[in-house]
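Participant: This is start38.cif, which holds mmCIF, C-alpha atoms:
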```
data_query
#
loop_
_atom_site.label_atom_id
_atom_site.label_comp_id
_atom_site.auth_asym_id
_atom_site.auth_seq_id
_atom_site.Cartn_x
_atom_site.Cartn_y
_atom_site.Cartn_z
CA MET A 1 -11.78 -18.76 15.83
CA GLU A 2 -9.08 -20.15 13.60
CA ASN A 3 -10.02 -21.79 10.33
CA PRO A 4 -7.44 -24.54 9.70
CA ARG A 5 -7.65 -24.07 5.93
CA ASN A 6 -6.82 -20.37 5.58
CA ARG A 7 -6.09 -19.54 9.21
CA SER A 8 -8.14 -16.37 9.30
CA SER A 9 -10.35 -14.89 11.98
CA SER A 10 -13.62 -15.71 10.19
CA PRO A 11 -15.17 -18.44 8.04
CA ARG A 12 -14.11 -18.76 4.87
CA GLN A 13 -1.39 -3.53 -26.76
CA GLN A 14 -1.03 -2.86 -29.31
CA PRO A 15 -0.74 1.00 -29.80
CA ALA A 16 -2.64 2.71 -32.61
CA ALA A 17 -1.11 5.59 -34.56
CA GLY A 18 -2.69 9.02 -34.30
CA GLY A 19 -2.39 12.08 -36.52
CA THR A 20 0.71 14.22 -36.86
CA HIS A 21 0.97 17.71 -35.45
CA SER A 22 3.46 20.39 -36.51
CA GLY A 23 5.84 17.82 -38.00
CA ARG A 24 6.36 15.97 -34.72
CA GLU A 25 6.19 12.20 -34.25
CA PRO A 26 2.67 10.79 -34.46
CA ALA A 27 0.96 10.55 -31.07
CA GLN A 28 0.20 6.97 -30.12
CA SER A 29 -2.50 5.67 -27.86
CA GLY A 30 -3.24 2.18 -26.64
CA ALA A 31 -6.44 0.22 -27.04
CA ASP A 32 -7.53 1.37 -23.58
CA GLY A 33 -7.19 5.04 -24.52
CA GLY A 34 -3.85 5.54 -22.76
CA VAL A 35 -0.92 7.39 -24.32
CA ALA A 36 1.85 4.94 -25.18
CA ALA A 37 4.70 7.38 -24.50
CA VAL A 38 3.38 8.10 -21.01
CA THR A 39 2.98 4.41 -20.28
CA ARG A 40 6.55 3.75 -21.41
CA ALA A 41 7.91 6.63 -19.33
CA LEU A 42 6.18 5.23 -16.25
CA GLN A 43 7.67 1.81 -17.04
CA ILE A 44 11.12 3.37 -16.74
CA LEU A 45 10.34 4.85 -13.32
CA ASP A 46 8.85 1.54 -12.17
CA ALA A 47 11.98 -0.35 -13.28
CA PHE A 48 13.84 0.79 -10.17
CA VAL A 49 13.30 -1.51 -7.20
CA LEU A 50 13.84 -0.83 -3.52
CA GLY A 51 17.53 -0.60 -2.65
CA GLU A 52 18.75 0.21 -6.16
CA SER A 53 20.40 3.61 -6.44
CA HIS A 54 21.14 3.56 -10.17
CA LEU A 55 20.79 1.45 -13.33
CA PRO A 56 22.58 1.37 -16.70
CA LEU A 57 20.65 2.09 -19.87
CA ALA A 58 20.94 -1.52 -21.04
CA GLU A 59 19.31 -2.82 -17.85
CA LEU A 60 16.50 -0.27 -18.05
CA SER A 61 15.93 -1.36 -21.64
CA ARG A 62 15.81 -5.02 -20.62
CA ARG A 63 13.41 -4.50 -17.72
CA CYS A 64 11.04 -2.33 -19.75
CA GLY A 65 11.19 -4.45 -22.87
CA LEU A 66 11.96 -1.36 -24.94
CA HIS A 67 14.73 -0.53 -27.41
CA LYS A 68 17.66 1.35 -25.89
CA THR A 69 17.14 4.37 -28.15
CA THR A 70 13.51 4.62 -26.97
CA VAL A 71 14.54 4.37 -23.32
CA LEU A 72 17.25 6.97 -23.80
CA ARG A 73 14.83 9.43 -25.41
CA LEU A 74 12.27 8.96 -22.65
CA ALA A 75 14.90 9.10 -19.89
CA ARG A 76 16.21 12.43 -21.20
CA THR A 77 12.65 13.79 -21.26
CA LEU A 78 12.05 12.65 -17.68
CA ALA A 79 15.36 14.21 -16.66
CA GLN A 80 14.21 17.60 -17.97
CA SER A 81 11.50 17.60 -15.29
CA GLY A 82 13.69 16.16 -12.54
CA TYR A 83 12.24 12.65 -12.48
CA LEU A 84 15.53 11.06 -13.57
CA VAL A 85 19.17 12.10 -13.26
CA GLN A 86 22.05 10.83 -15.39
CA ARG A 87 25.24 10.21 -13.45
CA GLU A 88 28.73 10.98 -14.68
CA ASP A 89 29.28 7.29 -15.53
CA GLY A 90 26.21 7.36 -17.79
CA GLU A 91 23.91 5.36 -15.53
CA TRP A 92 20.52 6.67 -14.42
CA ARG A 93 18.96 7.24 -11.00
CA LEU A 94 15.62 8.56 -9.79
CA GLY A 95 15.52 12.33 -9.52
CA PRO A 96 14.28 14.67 -6.78
CA ALA A 97 10.89 15.15 -8.45
CA THR A 98 9.97 11.54 -7.65
CA GLY A 99 10.57 12.17 -3.96
CA TRP A 100 8.52 15.34 -4.03
CA LEU A 101 5.70 13.50 -5.79
CA GLY A 102 5.70 10.83 -3.08
CA ALA A 103 5.73 13.48 -0.36
CA ARG A 104 2.67 15.17 -1.86
CA TYR A 105 0.90 11.82 -2.08
CA GLN A 106 1.59 11.12 1.60
CA ALA A 107 0.56 14.64 2.57
CA GLY A 108 -2.97 13.81 1.44
CA PHE A 109 -3.17 11.44 4.43
CA ASP A 110 -1.36 13.76 6.89
CA VAL A 111 1.35 11.19 7.48
CA GLN A 112 3.66 13.20 9.73
CA ASN A 113 1.06 14.77 12.01
CA VAL A 114 -1.49 11.99 12.28
CA LEU A 115 -0.53 8.59 10.86
CA GLU A 116 3.05 8.20 12.08
CA PRO A 117 2.36 9.22 15.72
CA ALA A 118 -0.66 6.90 15.89
CA LEU A 119 1.22 3.97 14.39
CA ARG A 120 4.19 4.59 16.67
CA ALA A 121 1.90 4.49 19.71
CA LEU A 122 0.25 1.29 18.46
CA SER A 123 3.64 -0.32 17.85
CA GLN A 124 4.84 0.58 21.34
CA SER A 125 1.69 -0.70 23.05
CA SER A 126 1.52 -3.95 21.05
CA GLY A 127 5.26 -4.59 20.74
CA GLU A 128 4.83 -5.27 17.00
CA SER A 129 5.20 -3.40 13.71
CA ALA A 130 2.29 -1.19 12.66
CA ALA A 131 1.29 -0.05 9.16
CA PHE A 132 -1.37 1.80 7.21
CA TYR A 133 -2.55 0.39 3.87
CA VAL A 134 -4.54 2.12 1.14
CA ARG A 135 -6.32 0.79 -1.91
CA GLU A 136 -4.94 1.67 -5.33
CA GLY A 137 -7.13 0.05 -7.97
CA ASN A 138 -7.10 -3.70 -7.44
CA VAL A 139 -4.13 -3.78 -5.05
CA ARG A 140 -3.20 -2.41 -1.65
CA THR A 141 -0.02 -0.53 -0.87
CA CYS A 142 1.70 0.30 2.40
CA LEU A 143 1.61 4.08 2.76
CA VAL A 144 3.49 4.33 6.05
CA ARG A 145 5.00 1.82 8.47
CA VAL A 146 6.57 1.89 11.93
CA GLU A 147 8.86 -1.01 12.75
CA GLY A 148 8.33 -2.82 16.04
CA PRO A 149 10.93 -3.05 18.82
CA GLN A 150 11.47 -6.80 18.42
CA ALA A 151 14.60 -8.10 16.68
CA LEU A 152 12.53 -10.66 14.75
CA ARG A 153 9.79 -8.86 12.83
CA HIS A 154 7.90 -8.81 9.57
CA HIS A 155 9.20 -6.39 6.92
CA ALA A 156 6.93 -4.80 4.30
CA ARG A 157 8.07 -2.62 1.40
CA MET A 158 6.25 0.68 1.19
CA GLY A 159 4.61 1.30 -2.16
CA GLU A 160 4.63 -2.35 -3.25
CA GLY A 161 1.33 -3.51 -4.74
CA LEU A 162 -0.11 -6.44 -2.77
CA PRO A 163 -3.27 -8.48 -3.42
CA LEU A 164 -6.40 -7.31 -1.64
CA GLU A 165 -7.74 -10.84 -1.16
CA HIS A 166 -4.68 -12.12 0.73
CA GLY A 167 -3.98 -10.91 4.27
CA SER A 168 -6.12 -9.07 6.80
CA PRO A 169 -5.28 -5.48 5.66
CA GLY A 170 -6.66 -6.20 2.18
CA ARG A 171 -9.59 -8.25 3.46
CA VAL A 172 -10.67 -5.33 5.65
CA ILE A 173 -10.45 -2.92 2.72
CA LEU A 174 -12.58 -5.25 0.59
CA ALA A 175 -15.12 -5.78 3.36
CA PHE A 176 -15.71 -2.08 4.00
CA SER A 177 -15.76 -1.38 0.26
CA GLY A 178 -18.92 -3.51 0.17
CA GLU A 179 -17.50 -6.84 -1.04
CA PRO A 180 -20.27 -9.48 -0.82
CA GLY A 181 -19.94 -12.84 0.89
CA ARG A 182 -20.16 -14.46 4.32
CA LEU A 183 -16.50 -13.77 5.10
CA TYR A 184 -16.86 -10.04 4.45
CA GLU A 185 -20.17 -9.79 6.27
CA GLN A 186 -18.42 -11.27 9.31
CA ILE A 187 -15.59 -8.74 9.04
CA ARG A 188 -18.06 -5.86 8.82
CA LYS A 189 -19.93 -7.20 11.83
CA GLN A 190 -16.89 -7.62 14.09
CA GLY A 191 -15.02 -4.55 12.81
CA TYR A 192 -11.65 -6.23 12.34
CA GLN A 193 -9.91 -9.23 10.76
CA TRP A 194 -6.85 -11.30 11.54
CA SER A 195 -4.96 -13.81 9.43
CA ILE A 196 -1.95 -16.08 9.68
CA GLY A 197 0.10 -17.09 6.66
CA GLU A 198 -2.58 -15.98 4.22
CA ARG A 199 -0.22 -13.95 2.02
CA GLU A 200 3.20 -14.79 3.41
CA PRO A 201 4.00 -17.99 5.34
CA GLY A 202 4.65 -17.47 9.02
CA VAL A 203 3.35 -13.87 9.10
CA ALA A 204 0.40 -12.91 11.31
CA THR A 205 -1.63 -9.68 11.07
CA VAL A 206 -4.71 -8.10 12.58
CA SER A 207 -6.37 -5.09 10.90
CA ALA A 208 -9.23 -2.61 11.20
CA PRO A 209 -10.72 -0.01 8.82
CA VAL A 210 -9.98 3.73 8.81
CA PHE A 211 -12.55 6.22 7.52
CA GLY A 212 -12.45 9.90 6.60
CA MET A 213 -15.10 12.54 6.13
CA ASN A 214 -18.60 11.34 5.29
CA ARG A 215 -17.62 7.80 6.32
CA ARG A 216 -15.45 7.39 3.22
CA LEU A 217 -13.09 4.41 3.56
CA LEU A 218 -9.46 5.54 3.53
CA GLY A 219 -7.65 2.29 4.22
CA SER A 220 -6.76 -0.14 6.99
CA VAL A 221 -4.41 -0.07 9.93
CA CYS A 222 -2.70 -3.26 11.04
CA ILE A 223 -0.06 -4.76 13.28
CA SER A 224 2.07 -7.63 12.02
CA GLY A 225 4.69 -10.04 13.28
CA PRO A 226 5.83 -13.65 13.17
CA GLU A 227 3.26 -16.39 13.78
CA SER A 228 5.38 -17.72 16.64
CA ARG A 229 4.71 -14.52 18.59
CA LEU A 230 1.18 -13.87 17.34
CA PRO A 231 -0.97 -17.01 17.65
CA PRO A 232 -4.77 -16.69 17.22
CA ALA A 233 -5.44 -15.93 20.89
CA THR A 234 -2.90 -13.10 20.88
CA LEU A 235 -4.31 -11.62 17.68
CA GLU A 236 -7.80 -11.63 19.19
CA ALA A 237 -6.45 -9.94 22.31
CA LEU A 238 -4.72 -7.25 20.22
CA ALA A 239 -7.75 -6.56 18.03
CA PRO A 240 -9.25 -3.94 20.40
CA GLN A 241 -5.99 -1.96 20.33
CA VAL A 242 -5.99 -1.97 16.54
CA MET A 243 -9.66 -0.95 16.41
CA ASN A 244 -9.04 1.86 18.88
CA THR A 245 -6.17 3.21 16.77
CA ALA A 246 -8.32 2.93 13.64
CA ARG A 247 -11.12 4.84 15.39
CA GLN A 248 -8.75 7.62 16.50
CA LEU A 249 -7.28 7.88 13.00
CA SER A 250 -10.75 8.06 11.46
CA TYR A 251 -11.70 11.08 13.55
CA ALA A 252 -8.29 12.74 13.15
CA LEU A 253 -8.20 12.34 9.36
CA ALA A 254 -11.76 13.64 9.18
CA GLY A 255 -10.59 16.75 11.05
CA ASN A 256 -12.54 16.05 14.23
CA ALA A 257 -10.11 14.29 16.56
CA SER A 258 -11.58 15.84 19.72
CA ALA A 259 -14.94 14.20 19.05
CA ALA A 260 -13.62 10.63 19.03
CA PRO A 261 -15.72 8.60 21.53
CA ALA A 262 -14.03 6.43 24.12
CA GLU A 263 -16.06 3.39 23.07
CA LEU A 264 -17.68 2.44 19.77
CA PRO A 265 -19.53 -0.86 19.23
CA PRO A 266 -18.07 -2.94 16.37
CA SER A 267 -21.40 -2.89 14.49
CA ARG A 268 -21.09 0.88 14.13
CA TRP A 269 -18.12 0.36 11.81
CA HIS A 270 -20.40 -0.77 9.00
CA PRO A 271 -20.24 2.02 6.35
#
```
Produce structure tokens that represent the structure in this file.
Facilitator:
Amino acid sequence: MENPRNRSSSPRQQPAAGGTHSGREPAQSGADGGVAAVTRALQILDAFVLGESHLPLAELSRRCGLHKTTVLRLARTLAQSGYLVQREDGEWRLGPATGWLGARYQAGFDVQNVLEPALRALSQSSGESAAFYVREGNVRTCLVRVEGPQALRHHARMGEGLPLEHGSPGRVILAFSGEPGRLYEQIRKQGYQWSIGEREPGVATVSAPVFGMNRRLLGSVCISGPESRLPPATLEALAPQVMNTARQLSYALAGNASAAPAELPPSRWHP
């Protein structure tokens, strides 16, 4: 049932200098043990947002909060390994190595052979967009997404870090990671979760967990769309489709797709 308050399907550095080596610059590490130069290099890669093909040095410097000479030195180092490319006009763009890195990351989940076909089938049967989310530290990211056939639909940016505690995909991940509380016990019991406007106003989602070998939680699969098309009753009606897709993905990603049972009681989803 809908909770009117949250509209969900259940109740409610400073771097320190290190020693020198062979006359090179001193290595620096942060208070958390990280290497400052690596952190700064990753800042440069993270400065590019979706839809931007290239950025000038001054803008990279501004976004990273680093001096232009520091950014230039790091950018040239990244370019040596193909992670950045300098254009003829002097501006910088992401290099081919970043794409290859992303492809290898996705390959760990067998995106092309397993995830995309399953999400495409779910999108076609539900008429809405379908996506697969994974946990990365304290956020969730969209690993792969299939847009629905409707003209009006919810758009999610792949790779963007989103809060786990807002929206059904993150709630499901928290629940099956063992998060305590009445809300998460309810999610584990029913095997799915839906929410409306919990992270983004007017957006409705319903999600279920996906497991791999040895019942290890891999992420959550969900369908999403506008609230006007996905009221609570519709989300409840679509939940079995989402759970069925999640069940099929769990067996497929565990390398045992042929053994997937036709029916599985929700209580069996508890890890």
Participant: Could you state the separation of CA of Asn113 (chain A) and CA of Gly137 (chain A) in Å, given to one decimal place?
Facilitator: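 We find that CA of Asn113 (chain A) and CA of Gly137 (chain A) lie 26.1 Å from each other.
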Participant: Can you tell me, as JSON, numbers by chain, what residues are no more than 7 Å from region 40-57 of chain A when counting all atoms listed in the file, ignoring any on the same chain fewer than 4 positions away?
Facilitator: {"A": [36, 61, 63, 64, 68, 74, 91, 92, 93]}
Participant: Would you list the contacts of region 234-242 of chain A as a ChimeraX atom specification, taking every protein, DNA or RNA residue within 8 Å and counting only C-alpha atoms, but skipping same-chain residues closer than 2 positions in sequence?
Facilitator: /A:122,126,192,194,205-208,221-223,230-232,244-246
Participant: Once the PyMOL selection byres ((chain A and resi 141) around 10) has been evaluated on this model, what residues remain selected, and can you format them as a list in words?
Facilitator: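 So the PyMOL selection byres ((chain A and resi 141) around 10) ends up selecting Phe132, Tyr133, Val134, Arg135, Glu136, Val139, Arg140, Cys142, Leu143, Val144, Ala156, Arg157, Met158, Gly159, Glu160, Gly161, Leu162, Pro163, Leu164, Pro169, Gly170 and Gly219 of chain A.
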Participant: Store the residues picked out above, limited to C-alpha atoms, as an mmCIF file, in the coordinates of the input.
Facilitator:
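Result went into part29.cif, see below:
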```cif
data_model
loop_
_atom_site.group_PDB
_atom_site.id
_atom_site.type_symbol
_atom_site.label_atom_id
_atom_site.label_comp_id
_atom_site.auth_asym_id
_atom_site.auth_seq_id
_atom_site.Cartn_x
_atom_site.Cartn_y
_atom_site.Cartn_z
ATOM 1 C CA PHE A 132 -1.370 1.800 7.210
ATOM 2 C CA TYR A 133 -2.550 0.390 3.870
ATOM 3 C CA VAL A 134 -4.540 2.120 1.140
ATOM 4 C CA ARG A 135 -6.320 0.790 -1.910
ATOM 5 C CA GLU A 136 -4.940 1.670 -5.330
ATOM 6 C CA VAL A 139 -4.130 -3.780 -5.050
ATOM 7 C CA ARG A 140 -3.200 -2.410 -1.650
ATOM 8 C CA CYS A 142 1.700 0.300 2.400
ATOM 9 C CA LEU A 143 1.610 4.080 2.760
ATOM 10 C CA VAL A 144 3.490 4.330 6.050
ATOM 11 C CA ALA A 156 6.930 -4.800 4.300
ATOM 12 C CA ARG A 157 8.070 -2.620 1.400
ATOM 13 C CA MET A 158 6.250 0.680 1.190
ATOM 14 C CA GLY A 159 4.610 1.300 -2.160
ATOM 15 C CA GLU A 160 4.630 -2.350 -3.250
ATOM 16 C CA GLY A 161 1.330 -3.510 -4.740
ATOM 17 C CA LEU A 162 -0.110 -6.440 -2.770
ATOM 18 C CA PRO A 163 -3.270 -8.480 -3.420
ATOM 19 C CA LEU A 164 -6.400 -7.310 -1.640
ATOM 20 C CA PRO A 169 -5.280 -5.480 5.660
ATOM 21 C CA GLY A 170 -6.660 -6.200 2.180
ATOM 22 C CA GLY A 219 -7.650 2.290 4.220
#
```
Participant: Of the candidates A:Arg145, A:Arg215, A:Ala37, A:Ser195, which one gets nearest to Thr70 (chain A) if we count only C-alpha atoms?
Facilitator: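 Residue with the minimum atom-to-atom distance to Thr70 (chain A): A:Ala37.
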Participant: Apply the PyMOL selection byres ((chain A and resi 227) around 7) to the file shown and report the selected residues as a PyMOL selection string.
Facilitator: chain A and resi 196+202-204+225-226+228-231
Participant: The centre and edge lengths of an axis-aligned box containing all atoms of region 199-203 of chain A present in the file, extended by 6 Å on each side, are to be given in Å to one decimal, as JSON.
Facilitator:
```
{"center_x": 2.2, "center_y": -15.9, "center_z": 5.6, "size_x": 16.9, "size_y": 16.1, "size_z": 19.1}
```
Participant: Convert the output of the PyMOL selection byres ((chain A and resi 128) around 7) on the shown file into explicit residues, formatted as a list in words.
Facilitator: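 Output from the PyMOL selection byres ((chain A and resi 128) around 7), applied to this file: Ser123, Ser126, Gly127, Ser129, Ala130, Gly148, Pro149, Gln150, Ile223, Ser224 and Gly225 of chain A.
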Participant: From the list A:Glu200, A:Gln124, A:Thr98, A:Glu179, which residue is nearest Val85 (chain A) when using all atoms listed in the file?
Facilitator: A:Thr98
Participant: Could you tell me how far CA of Ala175 (chain A) lies from CA of Ser220 (chain A), in Å and to one decimal?
Facilitator: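 According to the coordinates, CA of Ala175 (chain A) and CA of Ser220 (chain A) are separated by 10.7 Å.
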Participant: Please, what distance in Å, to one decimal, runs between CA of Ile173 (chain A) and CA of Ala118 (chain A)?
Facilitator: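 Going from CA of Ile173 (chain A) over to CA of Ala118 (chain A) covers 19.1 Å.
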